[in-house]
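Enquirer: Dropping a structure here in structure tokens format, bear with me for questions.
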Amino acid sequence: MRRYEMMVILDPSLDERAVQPTLDGFLKVVTGDGGSVEKVDVWGRRRLSYDINKKPEGIYAVIDLTATPATVKELDRQLNLNEGILRTKVLRPEVH
Amino acid sequence: MAKPALRKPKKKVCLFCHDKISYVDYKDTQLLRKFISDRGKIRARRVTGNCTQHQRDVATAIKNAREMALLPYTSTAR
């Protein structure tokens with residue numbers, strides 16, 4: 001089990017209130033595999049420094065979680081398959 | 001006329017060593033903005049005065065932030 005920090009940029013057309021349920025749906029993978037989600041921090045709508053998929057803004061969320069490497073890989077894969085997710089980044093803050 | 005004596009540039013101290021920050025967070029754009037020029041380029045170590053290790057950490061953090069569109073790759077000043 002390792003600690004990870006994941007940042008997700010979601011589609012701005014998504015309703016602000018729908019963000020939490022959407023993320024929870026994805027995070028089932030983590031809890032189902034014995035991992036745990038420590039914190040979900042939704043930053044809200046934010047201007048992007050440059051357009052991603054022709055969209056000038058995005059909804060940012062930062063998630064702290066503990067899981068096995070395989071679980072995180074699977075979570076990242078599923079996020080990237082979804083059209084409502086513009087971008088993701090997974091980091092291990094302790095390593096640095 | 002005698003040339004004015006060459007002034008010794010003041011030795012800069014690495015901001016991160018001084019504040020004892022060990023992890024440079026890529027989410028802290030306020031801090032990282034100090035280390036990019038107005039065109040969005042990463043400032044050199046001789047400008048920032050960072051130590052080798054922290055300059056490297058800053059550079060990686062900026063690159064991570066750029067990937068997540070928190071900082072620009074280029075900004076069209078001028």
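Each chain in the structure tokens gets a letter, A, B and so on, in the order shown; residues start at 1 in every chain, and ligands are counted from 1 in the order they appear.
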Return as a Markdown table the residues of region 3-62 of chain A lying at most 12 Å from region 71-78 of chain A, together with the closest atom-to-atom pair for each and the distance in Å to one decimal, counting only C-alpha atoms, with rows in chain order and ascending residue number.
Expert:
| residue | atom | partner | partner_atom | distance |
| --- | --- | --- | --- | --- |
| A:Arg3 | CA | A:Val72 | CA | 10.1 |
| A:Tyr4 | CA | A:Val72 | CA | 8.2 |
| A:Glu5 | CA | A:Val72 | CA | 10.1 |
| A:Met6 | CA | A:Asp76 | CA | 9.0 |
| A:Met7 | CA | A:Asp76 | CA | 10.4 |
| A:Val8 | CA | A:Asp76 | CA | 9.7 |
| A:Leu23 | CA | A:Leu75 | CA | 10.7 |
| A:Asp24 | CA | A:Leu75 | CA | 11.6 |
| A:Gly25 | CA | A:Leu75 | CA | 10.7 |
| A:Phe26 | CA | A:Leu75 | CA | 6.9 |
| A:Leu27 | CA | A:Leu75 | CA | 7.4 |
| A:Lys28 | CA | A:Leu75 | CA | 9.1 |
| A:Val29 | CA | A:Leu75 | CA | 6.5 |
| A:Val30 | CA | A:Thr71 | CA | 6.3 |
| A:Thr31 | CA | A:Thr71 | CA | 9.5 |
| A:Gly32 | CA | A:Thr71 | CA | 9.5 |
| A:Asp33 | CA | A:Thr71 | CA | 6.9 |
| A:Gly34 | CA | A:Thr71 | CA | 9.2 |
| A:Gly35 | CA | A:Thr71 | CA | 8.1 |
| A:Ser36 | CA | A:Thr71 | CA | 10.9 |
| A:Val37 | CA | A:Val72 | CA | 11.5 |
Enquirer: Considering only C-alpha atoms, give me a table of residues in region 2-94 of chain A that are at most 10 Å from region 8-27 of chain B, with the closest atom pair and distance in Å for each, as a Markdown table.
Expert:
| residue | atom | partner | partner_atom | distance |
| --- | --- | --- | --- | --- |
| A:Met7 | CA | B:Lys27 | CA | 9.5 |
| A:Val62 | CA | B:Lys27 | CA | 9.7 |
| A:Pro93 | CA | B:Tyr23 | CA | 8.0 |
| A:Glu94 | CA | B:Tyr23 | CA | 8.5 |
Enquirer: Got a sec: who's within 9 Å of Glu57 (chain A), counting only C-alpha atoms, leaving out chain neighbours fewer than 6 positions off, as a list in words?
Expert: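 Contacts, in chain order: Asp11, Pro12, Arg45, Arg46, Arg47, Leu48, Ser49, Tyr50 and Asp51 of chain A.
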Enquirer: May I have a table of the residues of chain B lying at most 12 Å from chain A, giving each one's closest pair of atoms and their distance in Å to one decimal, counting only C-alpha atoms, ordered by chain and ascending residue number, as JSON lines?
Expert:
{"residue": "B:Ile21", "atom": "CA", "partner": "A:His96", "partner_atom": "CA", "distance": 11.7}
{"residue": "B:Ser22", "atom": "CA", "partner": "A:His96", "partner_atom": "CA", "distance": 8.3}
{"residue": "B:Tyr23", "atom": "CA", "partner": "A:His96", "partner_atom": "CA", "distance": 6.4}
{"residue": "B:Val24", "atom": "CA", "partner": "A:His96", "partner_atom": "CA", "distance": 8.4}
{"residue": "B:Asp25", "atom": "CA", "partner": "A:Pro93", "partner_atom": "CA", "distance": 8.5}
{"residue": "B:Tyr26", "atom": "CA", "partner": "A:Pro93", "partner_atom": "CA", "distance": 10.2}
{"residue": "B:Lys27", "atom": "CA", "partner": "A:Met7", "partner_atom": "CA", "distance": 9.5}
{"residue": "B:Thr29", "atom": "CA", "partner": "A:Ser49", "partner_atom": "CA", "distance": 11.5}
{"residue": "B:Gly40", "atom": "CA", "partner": "A:Ser49", "partner_atom": "CA", "distance": 10.6}
{"residue": "B:Gln53", "atom": "CA", "partner": "A:His96", "partner_atom": "CA", "distance": 11.1}
{"residue": "B:His54", "atom": "CA", "partner": "A:His96", "partner_atom": "CA", "distance": 11.0}
{"residue": "B:Arg56", "atom": "CA", "partner": "A:His96", "partner_atom": "CA", "distance": 11.1}
{"residue": "B:Asp57", "atom": "CA", "partner": "A:His96", "partner_atom": "CA", "distance": 8.3}
{"residue": "B:Val58", "atom": "CA", "partner": "A:His96", "partner_atom": "CA", "distance": 11.4}
{"residue": "B:Thr60", "atom": "CA", "partner": "A:His96", "partner_atom": "CA", "distance": 10.3}
{"residue": "B:Ala61", "atom": "CA", "partner": "A:His96", "partner_atom": "CA", "distance": 10.4}
{"residue": "B:Asn64", "atom": "CA", "partner": "A:Lys89", "partner_atom": "CA", "distance": 8.5}
{"residue": "B:Ala65", "atom": "CA", "partner": "A:Ser49", "partner_atom": "CA", "distance": 9.9}
{"residue": "B:Arg66", "atom": "CA", "partner": "A:Ser49", "partner_atom": "CA", "distance": 8.0}
{"residue": "B:Glu67", "atom": "CA", "partner": "A:Lys89", "partner_atom": "CA", "distance": 8.5}
{"residue": "B:Met68", "atom": "CA", "partner": "A:Arg87", "partner_atom": "CA", "distance": 7.1}
{"residue": "B:Ala69", "atom": "CA", "partner": "A:Ser49", "partner_atom": "CA", "distance": 4.9}
{"residue": "B:Leu70", "atom": "CA", "partner": "A:Ser49", "partner_atom": "CA", "distance": 5.8}
{"residue": "B:Leu71", "atom": "CA", "partner": "A:Ser49", "partner_atom": "CA", "distance": 5.7}
{"residue": "B:Pro72", "atom": "CA", "partner": "A:Ser49", "partner_atom": "CA", "distance": 5.0}
{"residue": "B:Tyr73", "atom": "CA", "partner": "A:Ser49", "partner_atom": "CA", "distance": 8.1}
{"residue": "B:Thr74", "atom": "CA", "partner": "A:Tyr50", "partner_atom": "CA", "distance": 9.0}
{"residue": "B:Ser75", "atom": "CA", "partner": "A:Ser49", "partner_atom": "CA", "distance": 8.7}
{"residue": "B:Thr76", "atom": "CA", "partner": "A:Tyr50", "partner_atom": "CA", "distance": 11.3}
Enquirer: Write a file of the selected residues as a compact mmCIF listing (two decimals), in the first residue's frame, keeping N, CA, C and O atoms.
Expert:
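Below is the file that was written, part.txt:
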# COMPACT_ATOMS: atom_id res chain seq x y z
N ILE B 21 12.30 24.30 3.35
CA ILE B 21 11.23 23.61 2.64
C ILE B 21 11.86 22.43 1.91
O ILE B 21 12.81 22.62 1.14
N SER B 22 11.37 21.22 2.18
CA SER B 22 12.02 20.07 1.56
C SER B 22 11.27 19.63 0.30
O SER B 22 11.86 19.07 -0.62
N TYR B 23 9.95 19.89 0.24
CA TYR B 23 9.18 19.43 -0.90
C TYR B 23 8.57 20.62 -1.62
O TYR B 23 7.82 21.39 -1.03
N VAL B 24 8.91 20.79 -2.88
CA VAL B 24 8.35 21.87 -3.67
C VAL B 24 7.06 21.37 -4.30
O VAL B 24 7.07 20.45 -5.12
N ASP B 25 5.94 21.96 -3.90
CA ASP B 25 4.63 21.50 -4.35
C ASP B 25 4.27 22.13 -5.69
O ASP B 25 4.35 23.34 -5.83
N TYR B 26 3.87 21.29 -6.64
CA TYR B 26 3.55 21.83 -7.97
C TYR B 26 2.21 22.57 -7.96
O TYR B 26 1.88 23.29 -8.89
N LYS B 27 1.41 22.39 -6.89
CA LYS B 27 0.11 23.07 -6.81
C LYS B 27 0.24 24.51 -6.33
O LYS B 27 -0.68 25.30 -6.47
N THR B 29 1.12 27.55 -7.13
CA THR B 29 1.51 28.35 -8.30
C THR B 29 2.01 29.74 -7.90
O THR B 29 2.82 30.32 -8.60
N GLY B 40 7.03 33.03 -19.35
CA GLY B 40 6.72 31.67 -18.92
C GLY B 40 7.91 30.74 -18.85
O GLY B 40 7.76 29.55 -18.60
N GLN B 53 20.04 21.36 -5.92
CA GLN B 53 18.95 20.42 -5.68
C GLN B 53 17.59 21.11 -5.75
O GLN B 53 16.66 20.61 -6.38
N HIS B 54 17.50 22.29 -5.14
CA HIS B 54 16.20 22.95 -5.10
C HIS B 54 15.83 23.52 -6.46
O HIS B 54 14.65 23.56 -6.81
N ARG B 56 16.47 22.11 -9.21
CA ARG B 56 15.95 20.95 -9.92
C ARG B 56 14.52 20.64 -9.49
O ARG B 56 13.65 20.36 -10.31
N ASP B 57 14.27 20.72 -8.16
CA ASP B 57 12.92 20.47 -7.64
C ASP B 57 11.93 21.48 -8.19
O ASP B 57 10.80 21.14 -8.56
N VAL B 58 12.37 22.74 -8.24
CA VAL B 58 11.50 23.80 -8.75
C VAL B 58 11.17 23.54 -10.21
O VAL B 58 10.02 23.62 -10.63
N THR B 60 11.13 20.71 -11.88
CA THR B 60 10.17 19.60 -12.03
C THR B 60 8.77 20.04 -11.62
O THR B 60 7.80 19.67 -12.29
N ALA B 61 8.68 20.80 -10.54
CA ALA B 61 7.37 21.25 -10.08
C ALA B 61 6.71 22.13 -11.14
O ALA B 61 5.51 21.99 -11.41
N ASN B 64 5.47 19.94 -13.92
CA ASN B 64 4.24 19.26 -13.52
C ASN B 64 3.06 20.21 -13.59
O ASN B 64 1.98 19.85 -14.07
N ALA B 65 3.26 21.42 -13.10
CA ALA B 65 2.18 22.41 -13.08
C ALA B 65 1.77 22.78 -14.51
O ALA B 65 0.59 23.00 -14.78
N ARG B 66 2.74 22.83 -15.40
CA ARG B 66 2.43 23.13 -16.81
C ARG B 66 1.55 22.04 -17.40
O ARG B 66 0.62 22.33 -18.14
N GLU B 67 1.87 20.79 -17.08
CA GLU B 67 1.07 19.68 -17.61
C GLU B 67 -0.37 19.78 -17.20
O GLU B 67 -1.28 19.39 -17.93
N MET B 68 -0.60 20.28 -15.96
CA MET B 68 -1.95 20.40 -15.46
C MET B 68 -2.55 21.78 -15.74
O MET B 68 -3.53 22.16 -15.10
N ALA B 69 -1.95 22.52 -16.65
CA ALA B 69 -2.46 23.83 -17.07
C ALA B 69 -2.55 24.84 -15.93
O ALA B 69 -3.35 25.77 -15.98
N LEU B 70 -1.76 24.65 -14.89
CA LEU B 70 -1.73 25.63 -13.80
C LEU B 70 -0.79 26.78 -14.16
O LEU B 70 -0.99 27.91 -13.73
N LEU B 71 0.24 26.47 -14.92
CA LEU B 71 1.18 27.47 -15.39
C LEU B 71 1.24 27.38 -16.91
O LEU B 71 1.02 26.32 -17.47
N PRO B 72 1.55 28.49 -17.58
CA PRO B 72 1.60 28.45 -19.04
C PRO B 72 2.93 27.86 -19.55
O PRO B 72 3.96 27.97 -18.88
N TYR B 73 2.87 27.22 -20.69
CA TYR B 73 4.10 26.82 -21.38
C TYR B 73 4.75 28.07 -21.97
O TYR B 73 5.94 28.27 -21.91
N THR B 74 3.90 28.88 -22.58
CA THR B 74 4.35 30.15 -23.13
C THR B 74 3.27 31.17 -22.81
O THR B 74 2.10 30.83 -22.74
N SER B 75 3.68 32.40 -22.59
CA SER B 75 2.65 33.43 -22.50
C SER B 75 3.01 34.52 -23.49
O SER B 75 4.17 34.84 -23.69
N THR B 76 1.99 35.07 -24.12
CA THR B 76 2.25 35.98 -25.22
C THR B 76 2.37 37.41 -24.71
O THR B 76 1.53 38.26 -24.98
Enquirer: For a test of reading the model, state the distance in Å between CA of Ile63 (chain A) and CA of Val90 (chain A), rounded to one decimal.
Expert: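 So the answer is 9.4 Å.
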Enquirer: Hey, can you check how far CA of Gly84 (chain A) sits from CA of Leu32 (chain B)?
Expert: 28.5 Å
Enquirer: Set the distance at 8 Å and use only C-alpha atoms: which residues neighbour Gly44 (chain A) once local chain neighbours fewer than 5 positions away are removed? I'd like the list as a list in words.
Expert: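 So the residues in contact are Glu16, Ile59, Tyr60 and Ala61 of chain A.
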